[in-house]
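What follows is the content of start.tsv (TSV, C-alpha atoms).
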chain	number	residue	atom	x	y	z
A	39	MET	CA	-23.27	22.53	-46.91
A	40	PHE	CA	-27.08	22.63	-47.14
A	41	ILE	CA	-26.80	24.27	-50.60
A	42	LEU	CA	-24.33	21.60	-51.74
A	43	LEU	CA	-26.74	18.88	-50.63
A	44	SER	CA	-29.82	20.58	-52.08
A	45	PRO	CA	-32.16	18.29	-54.09
A	46	SER	CA	-31.32	19.89	-57.44
A	47	ASN	CA	-27.60	19.31	-56.91
A	48	ILE	CA	-27.86	15.67	-55.89
A	49	PHE	CA	-30.83	14.56	-58.03
A	50	HIS	CA	-28.56	13.28	-60.81
A	51	TRP	CA	-26.53	11.22	-58.30
A	52	ILE	CA	-29.69	9.77	-56.76
A	53	GLU	CA	-30.65	8.24	-60.12
A	54	LYS	CA	-27.16	6.80	-60.61
A	55	LEU	CA	-27.09	5.37	-57.07
A	56	ILE	CA	-30.53	3.76	-57.48
A	57	SER	CA	-29.45	1.93	-60.64
A	58	PHE	CA	-26.12	0.91	-59.06
A	59	ILE	CA	-27.81	-0.55	-55.95
A	60	ASN	CA	-30.42	-2.26	-58.15
A	61	SER	CA	-27.64	-3.97	-60.10
A	62	ILE	CA	-25.76	-5.38	-57.08
A	63	PHE	CA	-28.55	-5.97	-54.57
A	64	PHE	CA	-29.65	-9.49	-55.53
A	65	ILE	CA	-26.10	-10.85	-55.54
A	66	LEU	CA	-25.51	-9.39	-52.07
A	67	LEU	CA	-28.82	-10.78	-50.83
A	68	LEU	CA	-28.02	-14.28	-52.14
A	69	ILE	CA	-24.61	-14.28	-50.45
A	70	ALA	CA	-26.03	-13.06	-47.13
A	71	LEU	CA	-28.92	-15.58	-47.22
A	72	SER	CA	-26.50	-18.44	-47.98
A	73	PHE	CA	-24.44	-17.55	-44.91
A	74	ALA	CA	-27.51	-17.05	-42.70
A	75	LEU	CA	-29.34	-20.23	-43.73
A	76	ILE	CA	-26.60	-22.66	-44.76
A	77	PHE	CA	-23.04	-21.83	-43.71
A	78	SER	CA	-23.59	-20.47	-40.19
A	79	PRO	CA	-23.65	-23.13	-37.46
A	80	PRO	CA	-26.68	-23.88	-35.26
A	81	ASP	CA	-26.50	-22.67	-31.65
A	82	TYR	CA	-25.50	-25.25	-29.00
A	83	LEU	CA	-28.60	-24.38	-26.94
A	84	GLN	CA	-31.18	-22.92	-29.34
A	85	GLY	CA	-30.36	-25.12	-32.33
A	86	ASP	CA	-31.40	-23.85	-35.76
A	87	SER	CA	-33.94	-21.40	-34.30
A	88	VAL	CA	-30.97	-19.05	-33.76
A	89	ARG	CA	-31.08	-18.31	-37.53
A	90	ILE	CA	-34.08	-16.06	-36.85
A	91	MET	CA	-31.50	-13.72	-35.28
A	92	TYR	CA	-30.18	-12.90	-38.77
A	93	VAL	CA	-33.41	-11.09	-39.67
A	94	HIS	CA	-34.59	-10.10	-36.19
A	95	VAL	CA	-31.50	-8.27	-34.91
A	96	PRO	CA	-30.73	-6.18	-38.05
A	97	SER	CA	-34.44	-5.23	-38.26
A	98	ALA	CA	-34.41	-4.02	-34.66
A	99	TRP	CA	-31.15	-2.09	-35.17
A	100	ILE	CA	-32.53	-0.37	-38.26
A	101	GLY	CA	-35.84	0.42	-36.51
A	102	LEU	CA	-33.98	2.07	-33.63
A	103	ALA	CA	-31.37	3.83	-35.78
A	104	SER	CA	-34.00	5.23	-38.15
A	105	PHE	CA	-36.01	6.71	-35.31
A	106	THR	CA	-32.92	8.26	-33.70
A	107	CYS	CA	-31.96	9.68	-37.08
A	108	ILE	CA	-35.44	11.15	-37.64
A	109	ALA	CA	-35.43	12.70	-34.15
A	110	PHE	CA	-32.03	14.37	-34.58
A	111	LEU	CA	-32.91	15.61	-38.07
A	112	SER	CA	-36.17	17.03	-36.67
A	113	ILE	CA	-34.20	18.89	-33.97
A	114	ALA	CA	-31.85	20.15	-36.71
A	115	ASN	CA	-34.89	21.28	-38.68
A	116	PHE	CA	-36.14	23.29	-35.70
A	117	ILE	CA	-32.78	25.09	-35.68
A	118	PHE	CA	-31.96	25.46	-39.39
A	119	LYS	CA	-35.49	25.39	-40.93
A	120	THR	CA	-34.42	23.45	-44.02
A	121	LYS	CA	-37.11	21.82	-46.13
A	122	ASN	CA	-34.65	19.18	-47.30
A	123	LEU	CA	-34.43	17.78	-43.75
A	124	ILE	CA	-38.20	17.27	-43.65
A	125	ILE	CA	-38.09	15.43	-46.98
A	126	ILE	CA	-35.32	13.19	-45.61
A	127	THR	CA	-37.20	12.37	-42.38
A	128	LYS	CA	-40.42	11.69	-44.31
A	129	SER	CA	-38.52	9.27	-46.54
A	130	ILE	CA	-36.92	7.40	-43.62
A	131	ALA	CA	-40.06	6.97	-41.46
A	132	PRO	CA	-41.91	4.22	-43.45
A	133	LEU	CA	-38.71	2.16	-43.56
A	134	GLY	CA	-38.22	2.53	-39.82
A	135	LEU	CA	-41.82	1.47	-39.16
A	136	MET	CA	-41.51	-1.57	-41.42
A	137	PHE	CA	-38.31	-2.78	-39.76
A	138	THR	CA	-39.68	-2.15	-36.25
A	139	CYS	CA	-42.75	-4.26	-37.11
A	140	LEU	CA	-40.49	-6.94	-38.63
A	141	ALA	CA	-38.40	-6.99	-35.44
A	142	ILE	CA	-41.57	-7.49	-33.39
A	143	VAL	CA	-43.00	-10.22	-35.65
A	144	THR	CA	-39.73	-12.15	-36.07
A	145	GLY	CA	-39.08	-11.74	-32.34
A	146	SER	CA	-42.45	-13.33	-31.67
A	147	LEU	CA	-41.57	-16.20	-34.04
A	148	TRP	CA	-38.29	-16.65	-32.15
A	149	GLY	CA	-40.03	-16.39	-28.77
A	150	GLN	CA	-42.35	-19.35	-29.33
A	151	PRO	CA	-39.65	-22.06	-29.66
A	152	THR	CA	-37.25	-20.50	-27.12
A	153	TRP	CA	-39.52	-19.02	-24.42
A	154	GLY	CA	-42.61	-21.12	-25.11
A	155	THR	CA	-44.76	-18.04	-25.79
A	156	TRP	CA	-45.46	-15.80	-28.77
A	157	TRP	CA	-45.72	-12.68	-26.65
A	158	ALA	CA	-45.01	-11.34	-23.16
A	159	TRP	CA	-45.59	-7.82	-21.89
A	160	ASP	CA	-42.00	-7.43	-20.77
A	161	ALA	CA	-39.99	-4.20	-20.93
A	162	ARG	CA	-38.13	-4.79	-24.24
A	163	LEU	CA	-41.16	-6.02	-26.17
A	164	THR	CA	-43.50	-3.34	-24.82
A	165	SER	CA	-41.03	-0.53	-25.51
A	166	MET	CA	-40.66	-1.79	-29.10
A	167	ILE	CA	-44.45	-1.65	-29.53
A	168	ILE	CA	-44.36	1.94	-28.20
A	169	LEU	CA	-41.65	2.75	-30.78
A	170	ALA	CA	-43.91	1.41	-33.55
A	171	LEU	CA	-46.75	3.62	-32.23
A	172	PHE	CA	-44.49	6.69	-32.34
A	173	TYR	CA	-43.67	5.85	-35.97
A	174	VAL	CA	-47.39	5.51	-36.75
A	175	GLY	CA	-48.07	8.86	-35.06
A	176	TYR	CA	-45.31	10.52	-37.08
A	177	ILE	CA	-46.51	9.13	-40.41
A	178	LEU	CA	-50.20	9.83	-39.74
A	179	SER	CA	-49.51	13.42	-38.69
A	180	HIS	CA	-47.94	14.03	-42.11
A	181	LYS	CA	-50.80	12.26	-43.84
A	182	PHE	CA	-53.79	13.79	-42.12
A	183	ILE	CA	-52.73	17.31	-41.10
A	184	LEU	CA	-53.23	19.32	-44.24
A	185	HIS	CA	-51.44	22.48	-43.09
A	186	GLU	CA	-47.83	21.64	-43.94
A	187	ASP	CA	-46.10	23.76	-41.27
A	188	ARG	CA	-48.40	22.46	-38.56
A	189	ALA	CA	-47.84	18.86	-39.71
A	190	ASN	CA	-44.08	19.37	-39.58
A	191	LYS	CA	-44.22	20.87	-36.09
A	192	ILE	CA	-46.50	18.16	-34.66
A	193	SER	CA	-44.58	15.29	-36.27
A	194	SER	CA	-41.28	16.76	-35.02
A	195	MET	CA	-42.70	17.01	-31.50
A	196	ILE	CA	-43.84	13.36	-31.69
A	197	VAL	CA	-40.37	12.07	-32.62
A	198	ILE	CA	-38.55	14.31	-30.15
A	199	ILE	CA	-40.79	12.99	-27.34
A	200	GLY	CA	-40.33	9.47	-28.73
A	201	LEU	CA	-36.56	9.87	-28.48
A	202	ILE	CA	-36.92	9.23	-24.72
A	203	ASN	CA	-38.03	5.70	-25.61
A	204	ILE	CA	-34.75	4.83	-27.39
A	205	PRO	CA	-32.51	4.49	-24.29
A	206	ILE	CA	-35.42	2.72	-22.56
A	207	ILE	CA	-35.41	0.09	-25.34
A	208	LYS	CA	-31.63	-0.20	-25.27
A	209	PHE	CA	-31.26	-0.58	-21.51
A	210	SER	CA	-34.60	-2.28	-20.72
A	211	VAL	CA	-32.85	-5.67	-20.57
A	212	ASP	CA	-30.42	-4.33	-17.94
A	213	TRP	CA	-32.86	-2.22	-15.90
A	214	TRP	CA	-35.67	-4.80	-15.58
A	215	ASN	CA	-35.99	-8.56	-15.38
A	216	THR	CA	-37.04	-9.49	-18.89
A	217	LEU	CA	-37.52	-12.64	-20.93
A	218	HIS	CA	-35.40	-10.97	-23.61
A	219	GLN	CA	-31.69	-11.75	-23.38
A	220	PRO	CA	-29.12	-8.95	-22.77
A	221	ALA	CA	-27.14	-7.58	-25.72
A	222	SER	CA	-24.56	-10.03	-27.13
A	223	ILE	CA	-22.87	-7.42	-29.31
A	224	LYS	CA	-21.29	-4.45	-27.59
A	225	LEU	CA	-19.63	-1.50	-29.25
A	226	THR	CA	-17.59	-0.93	-26.08
A	227	GLY	CA	-16.38	-4.13	-24.48
A	228	THR	CA	-16.17	-7.70	-25.67
A	229	SER	CA	-19.07	-9.27	-27.59
A	230	THR	CA	-20.34	-12.67	-26.47
A	231	ILE	CA	-21.22	-13.89	-29.95
A	232	HIS	CA	-18.93	-16.25	-31.88
A	233	SER	CA	-17.38	-14.92	-35.08
A	234	SER	CA	-19.05	-17.72	-37.10
A	235	MET	CA	-22.40	-16.14	-36.21
A	236	LEU	CA	-21.25	-12.52	-36.06
A	237	MET	CA	-20.09	-12.53	-39.69
A	238	PRO	CA	-23.47	-13.64	-41.19
A	239	LEU	CA	-25.25	-11.25	-38.85
A	240	LEU	CA	-23.16	-8.29	-40.01
A	241	LEU	CA	-23.58	-9.40	-43.61
A	242	MET	CA	-27.39	-9.50	-43.28
A	243	PHE	CA	-27.26	-6.10	-41.56
A	244	PHE	CA	-25.22	-4.70	-44.45
A	245	VAL	CA	-27.67	-6.08	-47.03
A	246	MET	CA	-30.62	-4.61	-45.14
A	247	LEU	CA	-28.79	-1.26	-44.98
A	248	VAL	CA	-28.28	-1.38	-48.76
A	249	TYR	CA	-32.00	-2.16	-49.16
A	250	CYS	CA	-32.83	0.80	-46.88
A	251	ALA	CA	-30.58	3.06	-48.95
A	252	LEU	CA	-32.39	1.97	-52.11
A	253	ILE	CA	-35.89	2.55	-50.71
A	254	PHE	CA	-34.80	5.81	-49.07
A	255	LEU	CA	-33.41	7.15	-52.35
A	256	MET	CA	-36.57	6.18	-54.24
A	257	LYS	CA	-38.81	7.78	-51.61
A	258	TYR	CA	-36.60	10.87	-51.45
A	259	LYS	CA	-36.77	11.20	-55.23
A	260	THR	CA	-40.57	10.82	-55.11
A	261	GLU	CA	-40.81	13.56	-52.46
A	262	ILE	CA	-38.65	15.91	-54.56
A	263	ILE	CA	-40.85	15.33	-57.63
A	264	ARG	CA	-43.99	15.83	-55.50
A	265	MET	CA	-42.55	19.17	-54.31
A	266	LYS	CA	-41.64	20.21	-57.87
A	267	LYS	CA	-45.12	19.21	-59.05
A	268	LYS	CA	-46.64	21.52	-56.45
A	269	ASN	CA	-44.40	24.37	-57.62
A	270	LEU	CA	-45.43	23.68	-61.23
A	271	LYS	CA	-49.10	24.16	-60.33
A	272	ARG	CA	-48.30	27.63	-58.99
A	273	LEU	CA	-47.06	28.76	-62.41
B	103	MET	CA	-30.31	-33.58	-46.77
B	104	ILE	CA	-32.88	-31.23	-48.33
B	105	GLN	CA	-35.44	-32.56	-45.84
B	106	ASN	CA	-33.06	-31.67	-42.98
B	107	PHE	CA	-32.42	-28.24	-44.45
B	108	LEU	CA	-36.15	-27.52	-44.76
B	109	SER	CA	-37.08	-28.88	-41.33
B	110	MET	CA	-34.16	-27.10	-39.57
B	111	ASN	CA	-34.26	-29.78	-36.86
B	112	GLY	CA	-37.87	-29.01	-36.02
B	113	TYR	CA	-37.54	-25.20	-36.14
B	114	GLY	CA	-38.24	-24.92	-39.89
B	115	LEU	CA	-41.68	-23.36	-39.50
B	116	PHE	CA	-40.35	-20.52	-37.33
B	117	VAL	CA	-37.13	-19.93	-39.28
B	118	TRP	CA	-38.71	-20.02	-42.75
B	119	ALA	CA	-41.68	-17.93	-41.61
B	120	SER	CA	-39.31	-15.25	-40.27
B	121	PHE	CA	-37.26	-15.09	-43.46
B	122	LEU	CA	-40.30	-15.23	-45.75
B	123	ILE	CA	-42.19	-12.51	-43.86
B	124	THR	CA	-39.10	-10.28	-44.02
B	125	LEU	CA	-38.44	-10.91	-47.71
B	126	ILE	CA	-42.09	-10.54	-48.75
B	127	SER	CA	-42.50	-7.29	-46.76
B	128	CYS	CA	-39.33	-5.89	-48.32
B	129	ALA	CA	-40.48	-6.92	-51.80
B	130	ILE	CA	-43.93	-5.32	-51.32
B	131	VAL	CA	-42.42	-2.05	-50.05
B	132	PHE	CA	-39.93	-2.02	-52.97
B	133	HIS	CA	-42.70	-2.63	-55.51
B	134	LYS	CA	-45.01	0.04	-54.03
B	135	THR	CA	-42.20	2.61	-53.76
B	136	GLN	CA	-41.10	2.00	-57.35
B	137	LYS	CA	-44.68	2.20	-58.62
B	138	THR	CA	-45.30	5.51	-56.82
B	139	LEU	CA	-42.02	6.96	-58.11
B	140	LYS	CA	-42.80	5.98	-61.71
B	141	LYS	CA	-46.32	7.41	-61.38
B	142	TYR	CA	-45.02	10.75	-60.10
B	143	GLU	CA	-42.35	10.91	-62.82
B	144	ARG	CA	-44.97	10.24	-65.51
B	145	GLU	CA	-47.42	12.80	-64.10
B	146	PHE	CA	-44.70	15.43	-63.71
B	147	ALA	CA	-43.47	14.94	-67.28
B	148	LYS	CA	-47.06	15.08	-68.54
B	149	GLU	CA	-47.74	18.33	-66.67
B	150	ILE	CA	-44.61	19.93	-68.12
B	151	ASN	CA	-45.56	18.85	-71.61
B	152	GLU	CA	-49.02	20.37	-71.16
B	153	LEU	CA	-47.52	23.81	-70.40
B	154	SER	CA	-47.26	26.44	-73.12
B	155	ALA	CA	-43.99	26.32	-75.08
B	156	GLU	CA	-42.71	29.48	-73.41
B	157	LYS	CA	-43.44	28.30	-69.87
B	158	ARG	CA	-42.04	24.83	-70.61
B	159	LYS	CA	-38.82	26.37	-71.87
B	160	SER	CA	-38.39	28.48	-68.74
B	161	VAL	CA	-39.15	25.51	-66.44
B	162	VAL	CA	-36.64	23.27	-68.19
B	163	GLU	CA	-34.00	26.02	-68.22
B	164	ASN	CA	-34.46	26.94	-64.56
B	165	SER	CA	-34.87	23.51	-63.05
B	166	LYS	CA	-32.20	20.81	-63.38
B	167	ILE	CA	-34.63	18.30	-61.88
B	168	ALA	CA	-37.35	19.01	-64.44
B	169	SER	CA	-34.95	18.64	-67.36
B	170	GLN	CA	-33.56	15.37	-65.94
B	171	ILE	CA	-37.02	13.87	-65.42
B	172	LEU	CA	-38.05	14.90	-68.93
B	173	SER	CA	-34.95	13.33	-70.47
B	174	SER	CA	-35.36	10.09	-68.48
B	175	GLN	CA	-39.04	9.92	-69.45
B	176	SER	CA	-38.23	10.40	-73.13
B	177	LYS	CA	-35.70	7.53	-72.83
B	178	THR	CA	-38.35	5.19	-71.42
B	179	ILE	CA	-40.81	6.15	-74.15
Please lay out the structure from this file as structure tokens.
Amino acid sequence: MFILLSPSNIFHWIEKLISFINSIFFILLLIALSFALIFSPPDYLQGDSVRIMYVHVPSAWIGLASFTCIAFLSIANFIFKTKNLIIITKSIAPLGLMFTCLAIVTGSLWGQPTWGTWWAWDARLTSMIILALFYVGYILSHKFILHEDRANKISSMIVIIGLINIPIIKFSVDWWNTLHQPASIKLTGTSTIHSSMLMPLLLMFFVMLVYCALIFLMKYKTEIIRMKKKNLKRL
Amino acid sequence: MIQNFLSMNGYGLFVWASFLITLISCAIVFHKTQKTLKKYEREFAKEINELSAEKRKSVVENSKIASQILSSQSKTI
């Protein structure tokens, strides 16, 4: 499977996928933004400030999912020692950091009108800041440790330790008394969000996932070329 | 109506700031990623072209990636 998914085998498809996503992305974005800003109703309690949810929640989901993905791929790399996995994790990390920061900033912008404060050191918010720090640690270890194997080991250790933080973020609203509301969308059990708001939320999430796929593919391609460039110098 | 849409019943500043920050961040990351990719493609193609004819031939024959980058670069030129 690793041979089938090797960079040289999928490089051609990466280029095709990048141009395909580029061609449809703006239409998807316009549709999602129309639903989020115009067609979805205001909340009976929070009014129009609830629209911040359409950028805040998908950003937080992507931040969490990216980190979990990086951690599991790093564990897989410890077992299988595949360079391709390192390239993939390195390509995902900047995206994860950006969306984690966006979740924090948009959460702060949502907090001011609803809680009356930009920031509170409660469990959910603090654990999200810690997640951002783990991302920074991961990215900096790749940037500043010149010995490649050592950088891979240290960055993998950082994300594997950081994996402990993921369930803390998820369950922080249940374990502690926090300003942050509990989850409205549950994979198991009934969600407490109305379909008129769930649909735009899922649409925005889909568009952000498409954006992530685009940036991931471009970064992955850059990493492959960087690797090939290094090999070329050895000739 | 447009006034109402922009003010979002008093929450306009927070809502528009959230969407603008998200969109601008995404646009900056897209632009930077694309710029870096193009730069690496250009440099890689240039380095291959600077090789001796024999070495260039063996690189292009042995690496699918190298041949694809070279062909895409020649299209852009």
Taking only C-alpha atoms into account, which residues of chain A are within 8 Å of chain B, as number ranges by chain? A: 46, 49-50, 85-87, 89-90, 93, 136, 140, 143-144, 147-148, 151, 253, 256-257, 259-260, 263-264, 266-267, 270
Å distance separating CA of Leu66 (chain A) from CA of Tyr249 (chain A), one decimal place: 10.1 Å
As a ChimeraX atom specification, please: the residues near region 209-226 of chain A (cut-off 6 Å, all atoms listed in the file, same-chain neighbours under 4 positions excluded). /A:160-162,205,230-231
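The gap separating CA of Gly134 (chain A) from CA of Ser229 (chain A) is 25.6 Å, in Å to one decimal.
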Who sits within 8 Å of Ile113 (chain A), all atoms listed in the file, same chain under 4 positions skipped, as a VMD selection string: chain A and resid 109 117 194 198
Coordinates-based distance that separates CA of Asn60 (chain A) from CA of Lys268 (chain A) (Å, one decimal):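 These two atoms are separated by 28.8 Å.
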Considering all atoms listed in the file, return as a PDB file with C-alpha atoms, in the coordinates of the input whatever protein or nucleic-acid residues lie within 10 Å of region 121-132 of chain A, sequence-local ones (same chain, fewer than 5 positions apart) excluded.
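Listed below is the output, selection37.pdb:
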ATOM      1  CA  PHE A  40     -27.080  22.630 -47.140  1.00  0.00           C
ATOM      2  CA  ILE A  41     -26.800  24.270 -50.600  1.00  0.00           C
ATOM      3  CA  LEU A  43     -26.740  18.880 -50.630  1.00  0.00           C
ATOM      4  CA  SER A  44     -29.820  20.580 -52.080  1.00  0.00           C
ATOM      5  CA  PRO A  45     -32.160  18.290 -54.090  1.00  0.00           C
ATOM      6  CA  GLY A 101     -35.840   0.420 -36.510  1.00  0.00           C
ATOM      7  CA  SER A 104     -34.000   5.230 -38.150  1.00  0.00           C
ATOM      8  CA  PHE A 105     -36.010   6.710 -35.310  1.00  0.00           C
ATOM      9  CA  CYS A 107     -31.960   9.680 -37.080  1.00  0.00           C
ATOM     10  CA  ILE A 108     -35.440  11.150 -37.640  1.00  0.00           C
ATOM     11  CA  ALA A 109     -35.430  12.700 -34.150  1.00  0.00           C
ATOM     12  CA  PHE A 110     -32.030  14.370 -34.580  1.00  0.00           C
ATOM     13  CA  LEU A 111     -32.910  15.610 -38.070  1.00  0.00           C
ATOM     14  CA  SER A 112     -36.170  17.030 -36.670  1.00  0.00           C
ATOM     15  CA  ILE A 113     -34.200  18.890 -33.970  1.00  0.00           C
ATOM     16  CA  ALA A 114     -31.850  20.150 -36.710  1.00  0.00           C
ATOM     17  CA  ASN A 115     -34.890  21.280 -38.680  1.00  0.00           C
ATOM     18  CA  PHE A 116     -36.140  23.290 -35.700  1.00  0.00           C
ATOM     19  CA  PHE A 137     -38.310  -2.780 -39.760  1.00  0.00           C
ATOM     20  CA  THR A 138     -39.680  -2.150 -36.250  1.00  0.00           C
ATOM     21  CA  TYR A 173     -43.670   5.850 -35.970  1.00  0.00           C
ATOM     22  CA  VAL A 174     -47.390   5.510 -36.750  1.00  0.00           C
ATOM     23  CA  TYR A 176     -45.310  10.520 -37.080  1.00  0.00           C
ATOM     24  CA  ILE A 177     -46.510   9.130 -40.410  1.00  0.00           C
ATOM     25  CA  HIS A 180     -47.940  14.030 -42.110  1.00  0.00           C
ATOM     26  CA  ASN A 190     -44.080  19.370 -39.580  1.00  0.00           C
ATOM     27  CA  SER A 193     -44.580  15.290 -36.270  1.00  0.00           C
ATOM     28  CA  SER A 194     -41.280  16.760 -35.020  1.00  0.00           C
ATOM     29  CA  CYS A 250     -32.830   0.800 -46.880  1.00  0.00           C
ATOM     30  CA  ALA A 251     -30.580   3.060 -48.950  1.00  0.00           C
ATOM     31  CA  ILE A 253     -35.890   2.550 -50.710  1.00  0.00           C
ATOM     32  CA  PHE A 254     -34.800   5.810 -49.070  1.00  0.00           C
ATOM     33  CA  LEU A 255     -33.410   7.150 -52.350  1.00  0.00           C
ATOM     34  CA  MET A 256     -36.570   6.180 -54.240  1.00  0.00           C
ATOM     35  CA  LYS A 257     -38.810   7.780 -51.610  1.00  0.00           C
ATOM     36  CA  TYR A 258     -36.600  10.870 -51.450  1.00  0.00           C
ATOM     37  CA  LYS A 259     -36.770  11.200 -55.230  1.00  0.00           C
ATOM     38  CA  THR A 260     -40.570  10.820 -55.110  1.00  0.00           C
ATOM     39  CA  GLU A 261     -40.810  13.560 -52.460  1.00  0.00           C
ATOM     40  CA  ILE A 262     -38.650  15.910 -54.560  1.00  0.00           C
ATOM     41  CA  MET A 265     -42.550  19.170 -54.310  1.00  0.00           C
TER      42      MET A 265
ATOM     43  CA  VAL B 131     -42.420  -2.050 -50.050  1.00  0.00           C
TER      44      VAL B 131
END
May I have the residues within 12 Å of Ala74 (chain A) as number ranges by chain, using all atoms listed in the file and disregarding those fewer than 4 positions away in the same chain? A: 67-70, 78-80, 86-94, 234-243, 245; B: 117-118, 121
Starting from the point (-32.8, -0.5, -58.6), work out which residues of protein, DNA or RNA have an atom no more than 6 Å away when counting only C-alpha atoms; state them as a PyMOL selection string. chain A and resi 56-57+59-60
